[in-house]
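J.: Pasting in a structure now, in structure tokens, and then I'll have a few things to ask.
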Amino acid sequence: MPQLPSFIQMYRELIALPSVSCLDPSWDTSNKAIIEKLASWLDLLGFQVDVRELKQPGKYNLLARYEPELAQQGGLLLAGHTDTVPWDEGRWTHDPFKLHEADGRLYGLGSADMKGFFAFVLEALRGIELKQLTKPLYILATADEETTMAGARELHAFPEFRPEFAVIGEPTSMTPVTSHKGHLTEAVRIIGQSGHSSNPAAGVNAIEVMHDVITELRGIQSEFKQRYHDATFEVPYPTLNFGAIHGGDAANRICACCELHLDMRPLPGMNVNELYDLIDHRLADVKARYPNAISLIHMHEPIPGYRCRHDAEIVSIAEELTGNTAEPANYCTEAPFVQDLGCETIVMGPGNIAQAHQPDEFILVSEIAPAQQQIEQLIRRVCGAQ
């Protein structure tokens with residue numbers, strides 16, 4: 001009977017398969033090959049594997065189930081995303097698609113964030129007699145977490161499954177994460193009227209209109225600090241960041257178009273529509289002065305904030321197994337979508353988030369064995385394996 005490859009070989013094969021998720025089509029890559037690889041390995045272990053193509057062609061989710069015949073309800077979901085961000089060409093010391101070990105580190109794109117997590121899960125399963133499970137075990141692999149979270153938004157496509165607990169294996173150095181802010185990426189587009197710069201009043205300068213828009217949005221930044229507070233976060237209020245601006249093409253023309261890209265991070269529990277209403281209210285006067293000139297464009301569907309109760313059973317289990325106290329995170333994950341399945345959900349996995357999205361991404365060799373052991377203990381604890 002075919003056997004799973006070694007842990008390092010699985011890691012190597014996962015890293016070797018490009019699965020870049022990017023809004024720029026020149027970078028974006030299908031994740032089909034990596035999903036098929038995981039499906040073949042999970043099939044070897046006796047999982048029932050279900051692969052679903054997303055609404056976006058070429059992108060796939062995988063849900064693998066091991067549900068013993070006499071198993072109780074509930075169980076554990078181990079989840080992760082198969083995509084990576086693009087890599088900085090010329091800034092990597094090593095080939096991002098060839099696993100490279102040096103200086104006590106495993107280098108490769110996705111080694112920490114987070115294709116490597118699946119190698120950890122498969123290695124943990126190697127040491128467990130799955131037929132002895134008393135509760136179901138599910139493995140979820142999604143697409144496009146790094147951009148639109150399209151995969152996490154389409155979990156309803158799978159036939160109903162209701163795990164009691166879920167762990168998303170983002171790189172947290174095996175520290176349970178129980179909350180994070182949401183994420184909105186918006187474009188404010190100004191369409192003015194071009195003309196010769198010798199008579200600025202003959203047109204509508206989109207840059208000048210954008211100046212008024214930014215003034216109002218700066219007011220929202222202040223309002224966030226005054227109206228909202230959550231002391232569990234290092235930055236205890238929602239944020240609004242101006243990330244990119246583009247406008248005009250020549251000094252001797254009235255600028256006809258200007259576009260601003262901004263990022264907002266709402267606190268857990270905040271209604272996203274409340275943020276949009278705040279923007280509409282702030283920009284009402286500017287819009288009245290320049291009818292039909294200003295539009296707000298959603299660059300992706302909003303990602304809500306997430307919070308798991310501190311007294312949740314999965315938090316206690318994770319803290320006990322790892323010795324690490326639960327904490328919030330500054331980054332965003334698929335947790336709110338997984339949590340919508342009705343399960344207690346935490347974020348916890350091997351690797352350090354500081355390595356995510358960096359040239360020469362790596363995971364420390366020294367943390368491999370402890371993380372493998374903790375993941376195996378988690379499965380045994382929740383699913384009842386002997």
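Chain lettering (A, B, ...) mirrors the order of the structure tokens, residue numbering begins at 1 for each chain separately, and ligand numbering begins at 1 in order of display.
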I need the residues of range 189-373 of chain A that end up classed as alpha helix (DSSP H) by DSSP on the backbone, written out as a ChimeraX atom specification.

T.: /A:206-227,272-289,313-322,335-339,368-373

J.: Given the selection you just returned, output its residues as a file containing C-alpha atoms, formatted as a PDB file, in the first residue's frame.

T.:
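Saved the output as part_10.pdb:
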ATOM      1  CA  ALA A 206      -9.874  65.954  -9.631  1.00  0.00           C
ATOM      2  CA  ILE A 207      -6.790  66.458  -7.455  1.00  0.00           C
ATOM      3  CA  GLU A 208      -8.366  69.496  -5.791  1.00  0.00           C
ATOM      4  CA  VAL A 209     -11.578  67.553  -5.196  1.00  0.00           C
ATOM      5  CA  MET A 210      -9.531  64.705  -3.743  1.00  0.00           C
ATOM      6  CA  HIS A 211      -7.909  67.212  -1.374  1.00  0.00           C
ATOM      7  CA  ASP A 212     -11.356  67.988   0.029  1.00  0.00           C
ATOM      8  CA  VAL A 213     -12.185  64.269   0.243  1.00  0.00           C
ATOM      9  CA  ILE A 214      -8.974  63.488   2.147  1.00  0.00           C
ATOM     10  CA  THR A 215      -9.665  66.353   4.561  1.00  0.00           C
ATOM     11  CA  GLU A 216     -12.996  64.762   5.437  1.00  0.00           C
ATOM     12  CA  LEU A 217     -11.502  61.266   5.688  1.00  0.00           C
ATOM     13  CA  ARG A 218      -8.852  62.599   8.083  1.00  0.00           C
ATOM     14  CA  GLY A 219     -11.782  63.578  10.250  1.00  0.00           C
ATOM     15  CA  ILE A 220     -12.904  59.942  10.265  1.00  0.00           C
ATOM     16  CA  GLN A 221      -9.462  58.951  11.548  1.00  0.00           C
ATOM     17  CA  SER A 222      -9.971  61.251  14.536  1.00  0.00           C
ATOM     18  CA  GLU A 223     -13.546  60.085  15.029  1.00  0.00           C
ATOM     19  CA  PHE A 224     -12.403  56.459  15.168  1.00  0.00           C
ATOM     20  CA  LYS A 225     -10.095  57.277  18.076  1.00  0.00           C
ATOM     21  CA  GLN A 226     -12.800  59.175  19.957  1.00  0.00           C
ATOM     22  CA  ARG A 227     -15.790  56.842  19.441  1.00  0.00           C
ATOM     23  CA  VAL A 272     -19.290  47.209   8.284  1.00  0.00           C
ATOM     24  CA  ASN A 273     -22.257  49.232   7.062  1.00  0.00           C
ATOM     25  CA  GLU A 274     -21.623  51.610   9.961  1.00  0.00           C
ATOM     26  CA  LEU A 275     -18.238  52.437   8.410  1.00  0.00           C
ATOM     27  CA  TYR A 276     -19.744  53.019   4.983  1.00  0.00           C
ATOM     28  CA  ASP A 277     -22.454  55.231   6.495  1.00  0.00           C
ATOM     29  CA  LEU A 278     -19.768  57.258   8.272  1.00  0.00           C
ATOM     30  CA  ILE A 279     -17.916  57.821   4.984  1.00  0.00           C
ATOM     31  CA  ASP A 280     -21.134  58.800   3.193  1.00  0.00           C
ATOM     32  CA  HIS A 281     -21.981  61.276   5.945  1.00  0.00           C
ATOM     33  CA  ARG A 282     -18.520  62.844   5.916  1.00  0.00           C
ATOM     34  CA  LEU A 283     -18.439  63.194   2.136  1.00  0.00           C
ATOM     35  CA  ALA A 284     -22.004  64.462   1.696  1.00  0.00           C
ATOM     36  CA  ASP A 285     -21.030  68.152   1.421  1.00  0.00           C
ATOM     37  CA  VAL A 286     -18.189  67.483  -1.022  1.00  0.00           C
ATOM     38  CA  LYS A 287     -20.480  65.337  -3.163  1.00  0.00           C
ATOM     39  CA  ALA A 288     -23.070  68.124  -3.178  1.00  0.00           C
ATOM     40  CA  ARG A 289     -20.453  70.592  -4.479  1.00  0.00           C
ATOM     41  CA  GLU A 313     -13.039  25.222  25.627  1.00  0.00           C
ATOM     42  CA  ILE A 314     -10.752  25.234  22.571  1.00  0.00           C
ATOM     43  CA  VAL A 315      -8.826  28.167  24.051  1.00  0.00           C
ATOM     44  CA  SER A 316      -8.251  26.283  27.299  1.00  0.00           C
ATOM     45  CA  ILE A 317      -7.155  23.167  25.425  1.00  0.00           C
ATOM     46  CA  ALA A 318      -4.711  25.112  23.220  1.00  0.00           C
ATOM     47  CA  GLU A 319      -3.212  27.026  26.143  1.00  0.00           C
ATOM     48  CA  GLU A 320      -2.748  23.820  28.109  1.00  0.00           C
ATOM     49  CA  LEU A 321      -1.110  21.904  25.239  1.00  0.00           C
ATOM     50  CA  THR A 322       1.237  24.697  24.142  1.00  0.00           C
ATOM     51  CA  ALA A 335     -11.480  32.937  11.213  1.00  0.00           C
ATOM     52  CA  PRO A 336     -14.774  34.899  10.960  1.00  0.00           C
ATOM     53  CA  PHE A 337     -15.903  32.748   8.030  1.00  0.00           C
ATOM     54  CA  VAL A 338     -14.902  29.473   9.669  1.00  0.00           C
ATOM     55  CA  GLN A 339     -16.539  30.596  12.907  1.00  0.00           C
ATOM     56  CA  ILE A 368       9.139  21.628  13.977  1.00  0.00           C
ATOM     57  CA  ALA A 369       9.166  18.740  16.467  1.00  0.00           C
ATOM     58  CA  PRO A 370       7.344  20.608  19.289  1.00  0.00           C
ATOM     59  CA  ALA A 371       4.668  21.895  16.888  1.00  0.00           C
ATOM     60  CA  GLN A 372       4.146  18.453  15.370  1.00  0.00           C
ATOM     61  CA  GLN A 373       3.709  16.985  18.847  1.00  0.00           C
TER      62      GLN A 373
END

J.: Leaving out range 232-245 of chain A and any residue of its chain fewer than 3 positions from it, which residues lie within 7 Å of it when counting only C-alpha atoms, given as a list in words?

T.: Gln221, Phe224, Lys225, Tyr228, His229, Glu259, Leu260, His261, Leu262, Asp263, Met264, Arg265, Pro266, Leu267 and Pro328 of chain A

J.: Env of range 36-52 of chain A: 10 Å cut, atoms = only C-alpha atoms, seq-sep filter 5 positions within chain, self excluded. Answer as number ranges by chain.

T.: A: 1-5, 10, 13-14, 17, 31, 59-67, 82, 118-119, 122, 125-126, 129-131, 137-142, 151, 154-155, 157-159

J.: Restrict the selected residues to C-alpha atoms and save them as a short mmCIF file (atom, residue, chain, number, x, y, z; two decimals), in the first residue's frame.

T.:
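Here's the written file again06.cif:
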data_model
loop_
_atom_site.label_atom_id
_atom_site.label_comp_id
_atom_site.auth_asym_id
_atom_site.auth_seq_id
_atom_site.Cartn_x
_atom_site.Cartn_y
_atom_site.Cartn_z
CA MET A 1 0.00 0.00 0.00
CA PRO A 2 1.42 3.45 -0.89
CA GLN A 3 2.76 5.42 2.05
CA LEU A 4 2.91 9.14 2.77
CA PRO A 5 6.22 10.77 1.82
CA MET A 10 5.85 16.64 1.73
CA GLU A 13 6.54 19.12 -2.76
CA LEU A 14 4.11 21.70 -1.37
CA LEU A 17 3.89 24.08 -6.48
CA ASN A 31 -4.12 26.39 -6.77
CA LYS A 59 -9.47 28.18 -7.81
CA TYR A 60 -10.42 25.27 -5.54
CA ASN A 61 -11.33 24.36 -1.98
CA LEU A 62 -10.80 20.94 -0.41
CA LEU A 63 -12.62 19.41 2.53
CA ALA A 64 -11.41 16.02 3.78
CA ARG A 65 -13.51 14.12 6.31
CA TYR A 66 -12.68 11.21 8.58
CA GLU A 67 -15.92 10.25 10.29
CA THR A 82 -3.11 27.00 -0.01
CA PHE A 118 -0.48 20.92 5.84
CA ALA A 119 2.77 18.97 6.12
CA LEU A 122 -0.25 15.09 7.71
CA LEU A 125 -1.87 12.01 11.37
CA ARG A 126 0.83 9.49 10.52
CA GLU A 129 -4.74 5.23 14.46
CA LEU A 130 -7.59 7.05 12.76
CA LYS A 131 -10.01 4.13 13.12
CA LEU A 137 -11.75 15.04 11.99
CA TYR A 138 -11.89 17.50 9.10
CA ILE A 139 -9.09 19.05 7.03
CA LEU A 140 -9.93 22.21 5.07
CA ALA A 141 -7.73 23.78 2.38
CA THR A 142 -8.90 27.03 0.81
CA GLY A 151 -12.44 30.20 -0.62
CA GLU A 154 -17.75 29.53 -0.22
CA LEU A 155 -17.65 26.98 2.60
CA ALA A 157 -20.77 24.73 -1.01
CA PHE A 158 -19.75 21.65 0.98
CA PRO A 159 -22.45 19.33 2.35
#

J.: Show which residues sit within 6 Å of Ile346 in chain A, as a list in words. Count only C-alpha atoms, and ignore same-chain residues fewer than 5 positions away.

T.: Val167, Val177 and Thr178 of chain A

J.: Using only C-alpha atoms, which of A:Ala143, A:Leu77, A:Ile190, A:Ala150 sits nearest Ile297 in chain A?

T.: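 The answer is A:Ile190, which sits nearest to Ile297 in chain A.
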
J.: With only C-alpha atoms as the counted atoms, please give the residues lying no more than 8 Å from range 347-363 of chain A, apart from itself and same-chain residues fewer than 5 positions off, as a PyMOL selection string.

T.: chain A and resi 85+87-88+91-94+96+105-113+117+167-178+335+368+371

J.: What are the closest atom pairs, with distances in Å to one decimal, for all residues of range 69-177 of chain A lying within 8 Å of range 374-382 of chain A? Consider only C-alpha atoms, order rows by chain and residue number, and present the result as a tab-separated table.

T.:
residue	atom	partner	partner_atom	distance
A:Gly75	CA	A:Val382	CA	6.3
A:Leu76	CA	A:Val382	CA	6.5
A:Phe120	CA	A:Ile375	CA	7.7
A:Val121	CA	A:Ile375	CA	6.9
A:Ala124	CA	A:Glu376	CA	4.8
A:Leu125	CA	A:Glu376	CA	6.9
A:Gly127	CA	A:Glu376	CA	7.8
A:Ile128	CA	A:Glu376	CA	7.7
A:Leu133	CA	A:Arg380	CA	8.0
A:Lys135	CA	A:Val382	CA	7.5
A:Leu137	CA	A:Ile379	CA	7.9

J.: Take the residues from that selection and put them in a file with N, CA and C atoms, as a compact mmCIF listing (two decimals), in the first residue's frame.

T.:
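As a result, result.txt now contains:
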# COMPACT_ATOMS: atom_id res chain seq x y z
N GLY A 75 -16.30 17.18 16.87
CA GLY A 75 -14.98 16.94 16.32
C GLY A 75 -14.21 18.21 16.04
N LEU A 76 -13.16 18.04 15.25
CA LEU A 76 -12.17 19.10 15.04
C LEU A 76 -11.98 19.39 13.56
N PHE A 120 2.63 19.62 8.46
CA PHE A 120 2.56 19.36 9.91
C PHE A 120 1.34 18.49 10.24
N VAL A 121 0.20 18.82 9.66
CA VAL A 121 -1.02 18.07 9.94
C VAL A 121 -0.89 16.63 9.47
N ALA A 124 1.36 14.67 11.70
CA ALA A 124 0.69 14.33 12.96
C ALA A 124 -0.25 13.15 12.77
N LEU A 125 -0.92 13.10 11.64
CA LEU A 125 -1.87 12.01 11.37
C LEU A 125 -1.16 10.68 11.18
N GLY A 127 0.99 9.36 12.95
CA GLY A 127 1.17 8.67 14.22
C GLY A 127 -0.12 8.33 14.94
N ILE A 128 -1.28 8.55 14.28
CA ILE A 128 -2.58 8.32 14.93
C ILE A 128 -3.32 7.19 14.23
N LEU A 133 -10.62 6.98 16.29
CA LEU A 133 -11.23 8.27 16.60
C LEU A 133 -12.67 8.08 17.07
N LYS A 135 -14.55 11.00 17.48
CA LYS A 135 -15.22 12.17 16.92
C LYS A 135 -14.63 12.47 15.54
N LEU A 137 -12.89 14.16 12.26
CA LEU A 137 -11.75 15.04 11.99
C LEU A 137 -11.88 15.56 10.57

J.: For the structure I just gave you, how does DSSP split range 150-264 of chain A - specifically, which residues are strand (DSSP E or B)? Reply as a count of residues only.

T.: 39

J.: Could you tell me how far CA of Ser197 in chain A lies from CA of Ala251 in chain A, in Å and to one decimal?

T.: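 Separation between CA of Ser197 in chain A and CA of Ala251 in chain A: 7.6 Å.
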
J.: Check the smallest atom-to-atom distance from each of A:His310, A:Trp27, A:Pro136, A:Gly182 to Arg162 in chain A using only C-alpha atoms, then report the winner.

T.: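 Going through A:His310, A:Trp27, A:Pro136, A:Gly182 one by one, the smallest distance to Arg162 in chain A is for A:Pro136.
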
J.: CA of Cys332 in chain A and CA of Glu367 in chain A are how many Å apart?

T.: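 Interatomic distance, CA of Cys332 in chain A to CA of Glu367 in chain A: 23.4 Å.
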
J.: Grab the CA of His81 in chain A to CA of Pro302 in chain A distance for me, in Å with one decimal place.

T.: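 Straight-line distance from CA of His81 in chain A to CA of Pro302 in chain A works out to 18.1 Å.
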